[in-house]
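> Pasting a structure below so you can have a look.
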Amino acid sequence: DSMRDTLGRELIGLKWETKDSIASTKEFIEQAKTVLSKHLAGSELLEEMLIDLASETGSTDAVMLHNLPMDPYIPSTPTDGTVSLHKPTYVAEAILLAIGELAGTHVIGYRSEKEYSNPWVHEGFPRKGKGSALTAPDGVPHHQDMSYQNVIPDLLGLICLREGQDTQVQTTILDTTVVADHLPSSIVS
């Protein structure tokens, strides 16, 4: 817990000035990687798992990390139909983006996805009425995130900031290569 708290204090000071800016985002990620790398030093097993996760030939399909530092203040879920939480700090985002890069991948964003808060990190939560997978009021069927984009991410990082009202809701993660192996070759490209 003391390492988590120290890491959290260091990450809370990171600034992400312009989330629409690639340069600003790269700088934020580099700062986060520097802080996180210092705390992961000597944890070869975690580093190996992250690299294996990002490898096309790796055997790791998912990594679940617990006891990570969180932002000291998480605004309440919007009820007015807006989607951005307008968090004043970016501890969760720093961890998520830095871990992705430390796994050997490159974080990608989509300008068309700004309605979910910013192109790099999408904040999902339930809201009344129709919604996407990020904002649907009910369960969401299995799907591949961002499958409608020209460039589909190899990895998806998720971080939970608060438990929802329905504590039975689960996030199921499937390896799409395993799913593809069970589909007819006529529909797999």
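Ordered as shown in the structure tokens, chains take letters A, B, and onward, while each chain numbers its residues from 1 and ligands are numbered from 1 in the order shown.
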Please provide the set of residues having any atom within 7 Å of Gly8 (chain A), restricted to only C-alpha atoms, with same-chain residues fewer than 5 positions apart removed, written as a PyMOL selection string.

chain A and resi 69-70+91

> I need the chosen residues saved as a short mmCIF file (atom, residue, chain, number, x, y, z; two decimals), in the first residue's frame, with C-alpha atoms.


data_model
loop_
_atom_site.label_atom_id
_atom_site.label_comp_id
_atom_site.auth_asym_id
_atom_site.auth_seq_id
_atom_site.Cartn_x
_atom_site.Cartn_y
_atom_site.Cartn_z
CA PRO A 69 -3.43 4.25 -7.13
CA MET A 70 -6.52 6.20 -8.07
CA VAL A 91 -3.74 9.27 -12.22
#

> If we count only C-alpha atoms, what is near region 45-51 of chain A at a cut-off of 9 Å, once residues fewer than 6 positions away on the same chain are taken out, given as a ChimeraX atom specification?

/A:58,60,62-63,99-100,102-105

> Choose the residue, out of A:Ala41, A:Leu97, A:Ile108, A:Ile159, that has the smallest atom-to-atom separation from Leu65 (chain A); count only C-alpha atoms.

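Of A:Ala41, A:Leu97, A:Ile108, A:Ile159, the one nearest Leu65 (chain A), counting only C-alpha atoms, is A:Ile159.
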
> Take CA of Ser59 (chain A) and CA of Leu96 (chain A) and report the distance between them in Å, one decimal.

21.1 Å
